[in-house]
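**Student:** Here you go, this is data-v3.cif (mmCIF, C-alpha atoms).
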```
data_model
loop_
_atom_site.group_PDB
_atom_site.id
_atom_site.type_symbol
_atom_site.label_atom_id
_atom_site.label_comp_id
_atom_site.auth_asym_id
_atom_site.auth_seq_id
_atom_site.Cartn_x
_atom_site.Cartn_y
_atom_site.Cartn_z
ATOM 1 C CA ARG A 1 74.473 113.971 88.272
ATOM 2 C CA LYS A 2 75.113 110.378 89.326
ATOM 3 C CA TYR A 3 72.720 109.164 92.023
ATOM 4 C CA THR A 4 74.300 107.953 95.271
ATOM 5 C CA ASN A 5 72.315 105.767 97.622
ATOM 6 C CA PRO A 6 71.994 107.800 100.883
ATOM 7 C CA ARG A 7 72.655 104.689 102.952
ATOM 8 C CA LYS A 8 75.901 104.054 101.068
ATOM 9 C CA ARG A 9 76.928 107.718 101.357
ATOM 10 C CA LYS A 10 76.459 107.612 105.126
ATOM 11 C CA LEU A 11 78.431 104.385 105.439
ATOM 12 C CA ASN A 12 81.341 105.655 103.348
ATOM 13 C CA SER A 13 81.584 108.810 105.446
ATOM 14 C CA THR A 14 82.689 106.823 108.514
ATOM 15 C CA SER A 15 86.211 106.489 107.119
ATOM 16 C CA LYS A 16 86.671 110.252 107.650
ATOM 17 C CA MET A 17 85.349 110.325 111.215
ATOM 18 C CA SER A 18 87.419 111.315 114.230
ATOM 19 C CA THR A 19 87.985 108.752 116.980
ATOM 20 C CA LEU A 20 85.264 110.364 119.100
ATOM 21 C CA GLN A 21 82.806 110.227 116.208
ATOM 22 C CA LYS A 22 83.632 106.578 115.559
ATOM 23 C CA ASN A 23 83.043 105.845 119.228
ATOM 24 C CA CYS A 24 79.537 107.273 118.920
ATOM 25 C CA ALA A 25 78.943 105.781 115.456
ATOM 26 C CA ALA A 26 79.906 102.172 116.258
ATOM 27 C CA ILE A 27 76.728 101.505 118.242
ATOM 28 C CA GLU A 28 74.550 103.508 115.856
ATOM 29 C CA LEU A 29 75.867 101.577 112.844
ATOM 30 C CA ASN A 30 75.359 98.261 114.623
ATOM 31 C CA ASN A 31 71.771 99.136 115.443
ATOM 32 C CA GLN A 32 71.219 100.369 111.891
ATOM 33 C CA GLY A 33 72.449 96.972 110.688
ATOM 34 C CA VAL A 34 70.052 95.245 113.080
ATOM 35 C CA ALA A 35 67.156 97.300 111.668
ATOM 36 C CA HIS A 36 68.117 96.142 108.170
ATOM 37 C CA ILE A 37 68.195 92.519 109.350
ATOM 38 C CA GLU A 38 64.721 92.919 110.858
ATOM 39 C CA ALA A 39 63.534 94.287 107.502
ATOM 40 C CA GLY A 40 65.056 91.331 105.646
ATOM 41 C CA GLN A 41 67.609 93.634 103.954
ATOM 42 C CA TYR A 42 70.645 91.477 104.673
ATOM 43 C CA GLY A 43 72.942 93.139 102.139
ATOM 44 C CA TYR A 44 72.396 96.592 103.640
ATOM 45 C CA GLY A 45 72.770 95.027 107.083
ATOM 46 C CA MET A 46 76.199 93.649 106.150
ATOM 47 C CA GLN A 47 77.313 97.097 104.949
ATOM 48 C CA SER A 48 76.278 98.850 108.160
ATOM 49 C CA LEU A 49 77.814 96.170 110.350
ATOM 50 C CA LYS A 50 81.078 96.197 108.384
ATOM 51 C CA CYS A 51 81.386 99.920 109.122
ATOM 52 C CA SER A 52 80.564 99.316 112.787
ATOM 53 C CA LEU A 53 83.392 96.765 112.966
ATOM 54 C CA GLU A 54 85.808 99.216 111.337
ATOM 55 C CA ALA A 55 84.908 101.849 113.932
ATOM 56 C CA LEU A 56 85.364 99.356 116.775
ATOM 57 C CA LYS A 57 88.767 98.243 115.439
ATOM 58 C CA THR A 58 89.931 101.856 115.555
ATOM 59 C CA LEU A 59 88.788 102.120 119.165
ATOM 60 C CA ILE A 60 90.669 98.946 120.118
ATOM 61 C CA VAL A 61 93.843 100.496 118.677
ATOM 62 C CA VAL A 62 93.193 103.633 120.730
ATOM 63 C CA ALA A 63 92.820 101.485 123.866
ATOM 64 C CA GLU A 64 96.093 99.668 123.191
ATOM 65 C CA GLU A 65 97.935 102.950 122.622
ATOM 66 C CA SER A 66 96.476 104.427 125.807
ATOM 67 C CA ASN A 67 97.522 101.388 127.854
ATOM 68 C CA HIS A 68 101.020 101.617 126.396
ATOM 69 C CA GLU A 69 101.201 105.262 127.532
ATOM 70 C CA GLY A 70 100.061 104.347 131.043
ATOM 71 C CA GLN A 71 96.514 105.615 130.564
ATOM 72 C CA HIS A 72 93.589 103.310 131.239
ATOM 73 C CA PRO A 73 90.314 104.501 129.660
ATOM 74 C CA GLU A 74 87.300 102.886 131.279
ATOM 75 C CA SER A 75 85.108 100.446 129.381
ATOM 76 C CA ARG A 76 81.551 101.587 128.898
ATOM 77 C CA ALA A 77 78.620 99.581 130.253
ATOM 78 C CA ALA A 78 76.994 98.029 127.191
ATOM 79 C CA ASN A 79 73.499 96.554 127.339
ATOM 80 C CA PHE A 80 72.245 93.995 124.821
ATOM 81 C CA HIS A 81 68.690 93.552 123.538
ATOM 82 C CA TRP A 82 67.361 90.901 121.155
ATOM 83 C CA SER A 83 65.732 92.174 117.976
ATOM 84 C CA ASP A 84 62.491 91.003 116.429
ATOM 85 C CA LEU A 85 62.550 88.216 113.862
ATOM 86 C CA PRO A 86 63.312 89.387 110.304
ATOM 87 C CA VAL A 87 60.276 90.091 108.126
ATOM 88 C CA GLY A 88 59.020 86.865 106.587
ATOM 89 C CA GLU A 89 61.159 84.654 108.847
ATOM 90 C CA GLU A 90 59.408 82.171 111.088
ATOM 91 C CA ILE A 91 60.676 79.623 113.565
ATOM 92 C CA THR A 92 59.900 76.190 112.120
ATOM 93 C CA CYS A 93 60.820 72.627 113.004
ATOM 94 C CA GLU A 94 61.153 71.432 109.412
ATOM 95 C CA ASP A 95 64.917 72.010 109.308
ATOM 96 C CA SER A 96 67.541 72.369 112.022
ATOM 97 C CA PHE A 97 66.811 75.499 114.049
ATOM 98 C CA VAL A 98 68.749 78.686 113.303
ATOM 99 C CA PHE A 99 68.639 81.538 115.825
ATOM 100 C CA ARG A 100 67.485 84.514 113.727
ATOM 101 C CA ARG A 101 67.470 87.397 116.219
ATOM 102 C CA ALA A 102 70.165 90.079 116.088
ATOM 103 C CA ILE A 103 71.508 92.111 119.017
ATOM 104 C CA ARG A 104 70.903 95.812 119.605
ATOM 105 C CA ILE A 105 73.385 97.640 121.802
ATOM 106 C CA THR A 106 72.824 100.550 124.159
ATOM 107 C CA SER A 107 75.536 102.209 126.228
ATOM 108 C CA SER A 108 75.408 104.083 129.502
ATOM 109 C CA GLY A 109 78.974 105.352 129.231
ATOM 110 C CA THR A 110 80.167 108.779 128.123
ATOM 111 C CA PRO A 111 81.467 108.367 124.540
ATOM 112 C CA SER A 112 84.386 110.776 125.003
ATOM 113 C CA VAL A 113 86.019 108.821 127.843
ATOM 114 C CA THR A 114 84.940 105.205 127.440
ATOM 115 C CA LEU A 115 85.776 102.327 125.127
ATOM 116 C CA PRO A 116 83.777 99.313 123.915
ATOM 117 C CA THR A 117 83.868 95.979 125.737
ATOM 118 C CA MET A 118 84.896 92.697 124.103
ATOM 119 C CA ASN A 119 81.281 91.523 124.415
ATOM 120 C CA GLU A 120 80.259 94.548 122.379
ATOM 121 C CA PHE A 121 82.751 93.634 119.677
ATOM 122 C CA ALA A 122 81.496 90.032 119.830
ATOM 123 C CA ALA A 123 77.890 91.207 119.422
ATOM 124 C CA VAL A 124 78.703 93.117 116.231
ATOM 125 C CA LEU A 125 80.617 90.101 114.892
ATOM 126 C CA TYR A 126 77.617 87.892 115.712
ATOM 127 C CA ASN A 127 75.259 90.281 113.935
ATOM 128 C CA THR A 128 77.544 90.334 110.892
ATOM 129 C CA ALA A 129 77.673 86.533 110.878
ATOM 130 C CA LEU A 130 73.881 86.386 111.246
ATOM 131 C CA ALA A 131 73.307 88.724 108.278
ATOM 132 C CA ASN A 132 75.571 86.480 106.179
ATOM 133 C CA HIS A 133 73.881 83.349 107.552
ATOM 134 C CA LEU A 134 70.377 84.552 106.742
ATOM 135 C CA CYS A 135 71.524 85.568 103.272
ATOM 136 C CA CYS A 136 72.915 82.033 102.808
ATOM 137 C CA LEU A 137 69.615 80.517 103.946
ATOM 138 C CA ARG A 138 67.754 82.688 101.456
ATOM 139 C CA ARG A 139 69.999 81.278 98.711
ATOM 140 C CA GLY A 140 69.544 77.699 99.890
ATOM 141 C CA MET A 141 73.029 77.582 101.483
ATOM 142 C CA GLN A 142 74.487 77.282 97.970
ATOM 143 C CA CYS A 143 77.248 79.908 98.248
ATOM 144 C CA ALA A 144 80.111 77.979 99.868
ATOM 145 C CA LYS A 145 82.364 81.055 100.126
ATOM 146 C CA LEU A 146 79.746 83.009 102.068
ATOM 147 C CA VAL A 147 78.985 80.008 104.289
ATOM 148 C CA ARG A 148 82.685 79.678 105.186
ATOM 149 C CA LYS A 149 82.864 83.406 105.939
ATOM 150 C CA THR A 150 79.842 83.034 108.214
ATOM 151 C CA ALA A 151 81.527 80.219 110.155
ATOM 152 C CA MET A 152 84.687 82.320 110.534
ATOM 153 C CA LEU A 153 82.704 85.281 111.927
ATOM 154 C CA TYR A 154 80.932 83.071 114.475
ATOM 155 C CA ASP A 155 84.355 81.694 115.514
ATOM 156 C CA MET A 156 85.713 85.218 115.997
ATOM 157 C CA ALA A 157 82.726 86.228 118.123
ATOM 158 C CA LEU A 158 83.132 83.147 120.323
ATOM 159 C CA GLU A 159 86.795 84.003 120.923
ATOM 160 C CA LEU A 160 85.826 87.395 122.362
ATOM 161 C CA ILE A 161 82.686 86.756 124.390
ATOM 162 C CA ASP A 162 82.760 86.428 128.186
ATOM 163 C CA THR A 163 81.728 82.779 128.477
ATOM 164 C CA GLU A 164 81.379 82.742 132.276
ATOM 165 C CA SER A 165 78.844 85.536 132.756
ATOM 166 C CA PRO A 166 75.224 84.334 133.195
ATOM 167 C CA SER A 167 74.108 87.386 131.201
ATOM 168 C CA SER A 168 76.023 85.948 128.219
ATOM 169 C CA PHE A 169 74.179 82.603 128.220
ATOM 170 C CA ALA A 170 71.617 83.483 125.548
ATOM 171 C CA PHE A 171 74.336 85.091 123.413
ATOM 172 C CA LEU A 172 76.387 81.888 123.683
ATOM 173 C CA PHE A 173 73.328 79.767 122.822
ATOM 174 C CA ALA A 174 72.842 81.709 119.583
ATOM 175 C CA LEU A 175 76.535 81.616 118.643
ATOM 176 C CA LEU A 176 77.094 77.917 119.332
ATOM 177 C CA ASN A 177 73.808 76.843 117.755
ATOM 178 C CA ASN A 178 74.293 78.846 114.567
ATOM 179 C CA ARG A 179 77.956 77.876 114.245
ATOM 180 C CA GLY A 180 76.936 74.236 114.546
ATOM 181 C CA HIS A 181 74.397 74.677 111.747
ATOM 182 C CA VAL A 182 76.953 76.302 109.444
ATOM 183 C CA GLN A 183 79.634 73.696 110.226
ATOM 184 C CA ASN A 184 77.130 70.954 109.465
ATOM 185 C CA GLU A 185 76.325 72.551 106.112
ATOM 186 C CA LEU A 186 80.056 72.687 105.309
ATOM 187 C CA GLY A 187 80.432 68.976 106.036
ATOM 188 C CA MET A 188 82.451 69.685 109.204
ATOM 189 C CA PHE A 189 80.454 67.131 111.163
ATOM 190 C CA GLU A 190 82.915 66.574 114.015
ATOM 191 C CA GLU A 191 83.247 70.346 114.542
ATOM 192 C CA ALA A 192 79.461 70.695 114.441
ATOM 193 C CA ARG A 193 79.102 68.006 117.104
ATOM 194 C CA GLY A 194 81.595 69.968 119.195
ATOM 195 C CA SER A 195 79.483 73.124 118.872
ATOM 196 C CA TYR A 196 76.294 71.328 119.906
ATOM 197 C CA ARG A 197 78.156 69.576 122.735
ATOM 198 C CA ALA A 198 79.304 72.976 124.040
ATOM 199 C CA LEU A 199 75.743 74.272 123.624
ATOM 200 C CA ARG A 200 74.409 71.375 125.701
ATOM 201 C CA GLU A 201 76.916 72.127 128.483
ATOM 202 C CA LYS A 202 75.963 75.809 128.556
ATOM 203 C CA TRP A 203 72.291 74.851 128.480
ATOM 204 C CA HIS A 204 72.695 72.767 131.636
ATOM 205 C CA ALA A 205 74.684 75.580 133.282
ATOM 206 C CA ALA A 206 71.922 78.054 132.437
ATOM 207 C CA ILE A 207 69.309 75.743 133.946
ATOM 208 C CA GLU A 208 71.338 75.641 137.168
ATOM 209 C CA HIS A 209 71.281 79.455 137.231
ATOM 210 C CA ASP A 210 67.590 79.450 136.235
ATOM 211 C CA ALA A 211 68.593 81.755 133.391
ATOM 212 C CA VAL A 212 67.172 80.096 130.257
ATOM 213 C CA ARG A 213 63.748 81.724 130.165
ATOM 214 C CA ASP A 214 65.141 84.974 131.534
ATOM 215 C CA TYR A 215 66.882 85.626 128.202
ATOM 216 C CA LEU A 216 64.990 83.533 125.618
ATOM 217 C CA ASN A 217 61.340 83.289 124.636
ATOM 218 C CA GLU A 218 59.474 79.979 124.468
ATOM 219 C CA LYS A 219 59.879 79.444 120.702
ATOM 220 C CA ASP A 220 63.617 80.076 120.825
ATOM 221 C CA CYS A 221 63.971 77.665 123.750
ATOM 222 C CA HIS A 222 62.008 75.029 121.824
ATOM 223 C CA GLY A 223 64.155 75.443 118.706
ATOM 224 C CA LEU A 224 67.434 75.219 120.603
ATOM 225 C CA PHE A 225 66.281 72.220 122.621
ATOM 226 C CA LEU A 226 65.156 70.438 119.445
ATOM 227 C CA ASN A 227 68.643 70.830 117.974
ATOM 228 C CA LEU A 228 70.168 69.392 121.148
ATOM 229 C CA VAL A 229 67.908 66.357 120.841
ATOM 230 C CA VAL A 230 68.431 65.867 117.110
ATOM 231 C CA PHE A 231 72.201 66.314 117.108
ATOM 232 C CA SER A 232 72.957 64.470 120.340
ATOM 233 C CA ASN A 233 73.323 61.268 118.303
ATOM 234 C CA PRO A 234 76.322 61.306 115.917
ATOM 235 C CA SER A 235 74.405 59.198 113.387
ATOM 236 C CA ASP A 236 71.865 62.014 113.067
ATOM 237 C CA MET A 237 74.531 64.514 112.023
ATOM 238 C CA ALA A 238 73.848 65.131 108.337
ATOM 239 C CA PRO A 239 73.308 68.203 106.133
ATOM 240 C CA ALA A 240 70.014 69.953 106.797
ATOM 241 C CA ALA A 241 67.368 69.637 104.117
#
```
Please rewrite the model in this file as structure tokens.

**Tutor:**
Amino acid sequence: RKYTNPRKRKLNSTSKMSTLQKNCAAIELNNQGVAHIEAGQYGYGMQSLKCSLEALKTLIVVAEESNHEGQHPESRAANFHWSDLPVGEEITCEDSFVFRRAIRITSSGTPSVTLPTMNEFAAVLYNTALANHLCCLRRGMQCAKLVRKTAMLYDMALELIDTESPSSFAFLFALLNNRGHVQNELGMFEEARGSYRALREKWHAAIEHDAVRDYLNEKDCHGLFLNLVVFSNPSDMAPAA
């Protein structure tokens, strides 16, 4: 009998889930993807996160249908937690800094009556982009198609995230920083400068709220700040080594 990878079998089964099951599975699949990223298994991480996105899309449709019918399901309270660095990945200053931590999600809502927030959707998109990004880095950023897909996923996450909430500062740092890196690699230098400019603005806003070290560790802060220094001068904007 043909062998089926148990991970793949579990992922494929989500297409047959009820709405309630998808509600419960979306977070589980995201966190499974994060575990794969931590283990350096970026391909498996992409598979899990793709299924998490599919489950979330179904829930968004349910929310739209409920609103159309005059019902207003409450959004669940999602909490975000940074993962550990992937196995074998270290923060270095040799190249432009890439934020390598994924986001785990926990929820305090009751799955049967609550729906995901836009920040939750943005977190899964960020994780998916990160898995692609780390895979690109492993290949020396040589796969242009995958690099472009990564940039698109970061863009989608940025469109959904709540940019005004202080609790979203670290999330925004990671998104803007990593998008800038990918845009730079694609030769989109003006767009990359825009990403780092936006990062600098959010950095100053976070300092005003005294929120930088509340959400980032010292090494992450150092890496982000180094990028702000390096890419603050347009003449320094060139493909990373």

**Student:** If the PyMOL selection byres ((chain A and resi 195-198) around 10) is run on the structure shown, which residues does it catch, given as a ChimeraX atom specification?

**Tutor:** /A:172-173,175-181,183-184,189-194,199-203,224,227-232

**Student:** If the PyMOL selection byres ((chain A and resi 152-163) around 12) is run on the structure shown, which residues does it catch, given as a PyMOL selection string?

**Tutor:** chain A and resi 50+53+117-133+145-151+164-183+186+191+195+198-199+201-202+205-206

**Student:** Written as a PyMOL selection string, which residues does the PyMOL selection byres ((chain A and resi 48) around 8) give for the file shown?

**Tutor:** chain A and resi 11+29-30+32-33+44-47+49-52

**Student:** Please identify all polymer residues within 8 Å of Thr106 in chain A, counting only C-alpha atoms, omitting same-chain residues fewer than 3 positions from it, and present them as a VMD selection string.

**Tutor:** chain A and resid 27 78 to 80

**Student:** Quick one: of A:Phe97, A:Glu54, A:Arg104, A:Leu59, who's nearest to Val34 in chain A, counting all atoms listed in the file?

**Tutor:**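 For Val34 in chain A, the nearest of the candidates is A:Arg104.
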
**Student:** Would you compute the distance between CA of Lys219 in chain A and CA of Glu28 in chain A? Give it in Å to one decimal.

**Tutor:**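 Spanning CA of Lys219 in chain A to CA of Glu28 in chain A is a straight-line distance of 28.6 Å.
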
**Student:** Can you work out which one of A:Glu218, A:Pro116, A:Val87, A:Ile60 has the shortest atom-to-atom distance to Tyr42 in chain A, counting all atoms listed in the file?

**Tutor:**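 Nearest to Tyr42 in chain A: A:Val87.
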
**Student:** Please compute the CA of Ile103 in chain A-CA of His36 in chain A distance, one decimal, in Å.

**Tutor:**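 For CA of Ile103 in chain A relative to CA of His36 in chain A, the distance reads 12.1 Å.
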
**Student:** At what distance in Å, to one decimal, does CA of Ala144 in chain A lie from CA of Gly223 in chain A?

**Tutor:**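 Interatomic distance, CA of Gly223 in chain A to CA of Ala144 in chain A: 24.8 Å.
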
**Student:** Taking into account only C-alpha atoms, which residue in the set A:Ala25, A:Ala55, A:Ala35, A:Leu226 is nearest to Val98 in chain A?

**Tutor:** A:Leu226
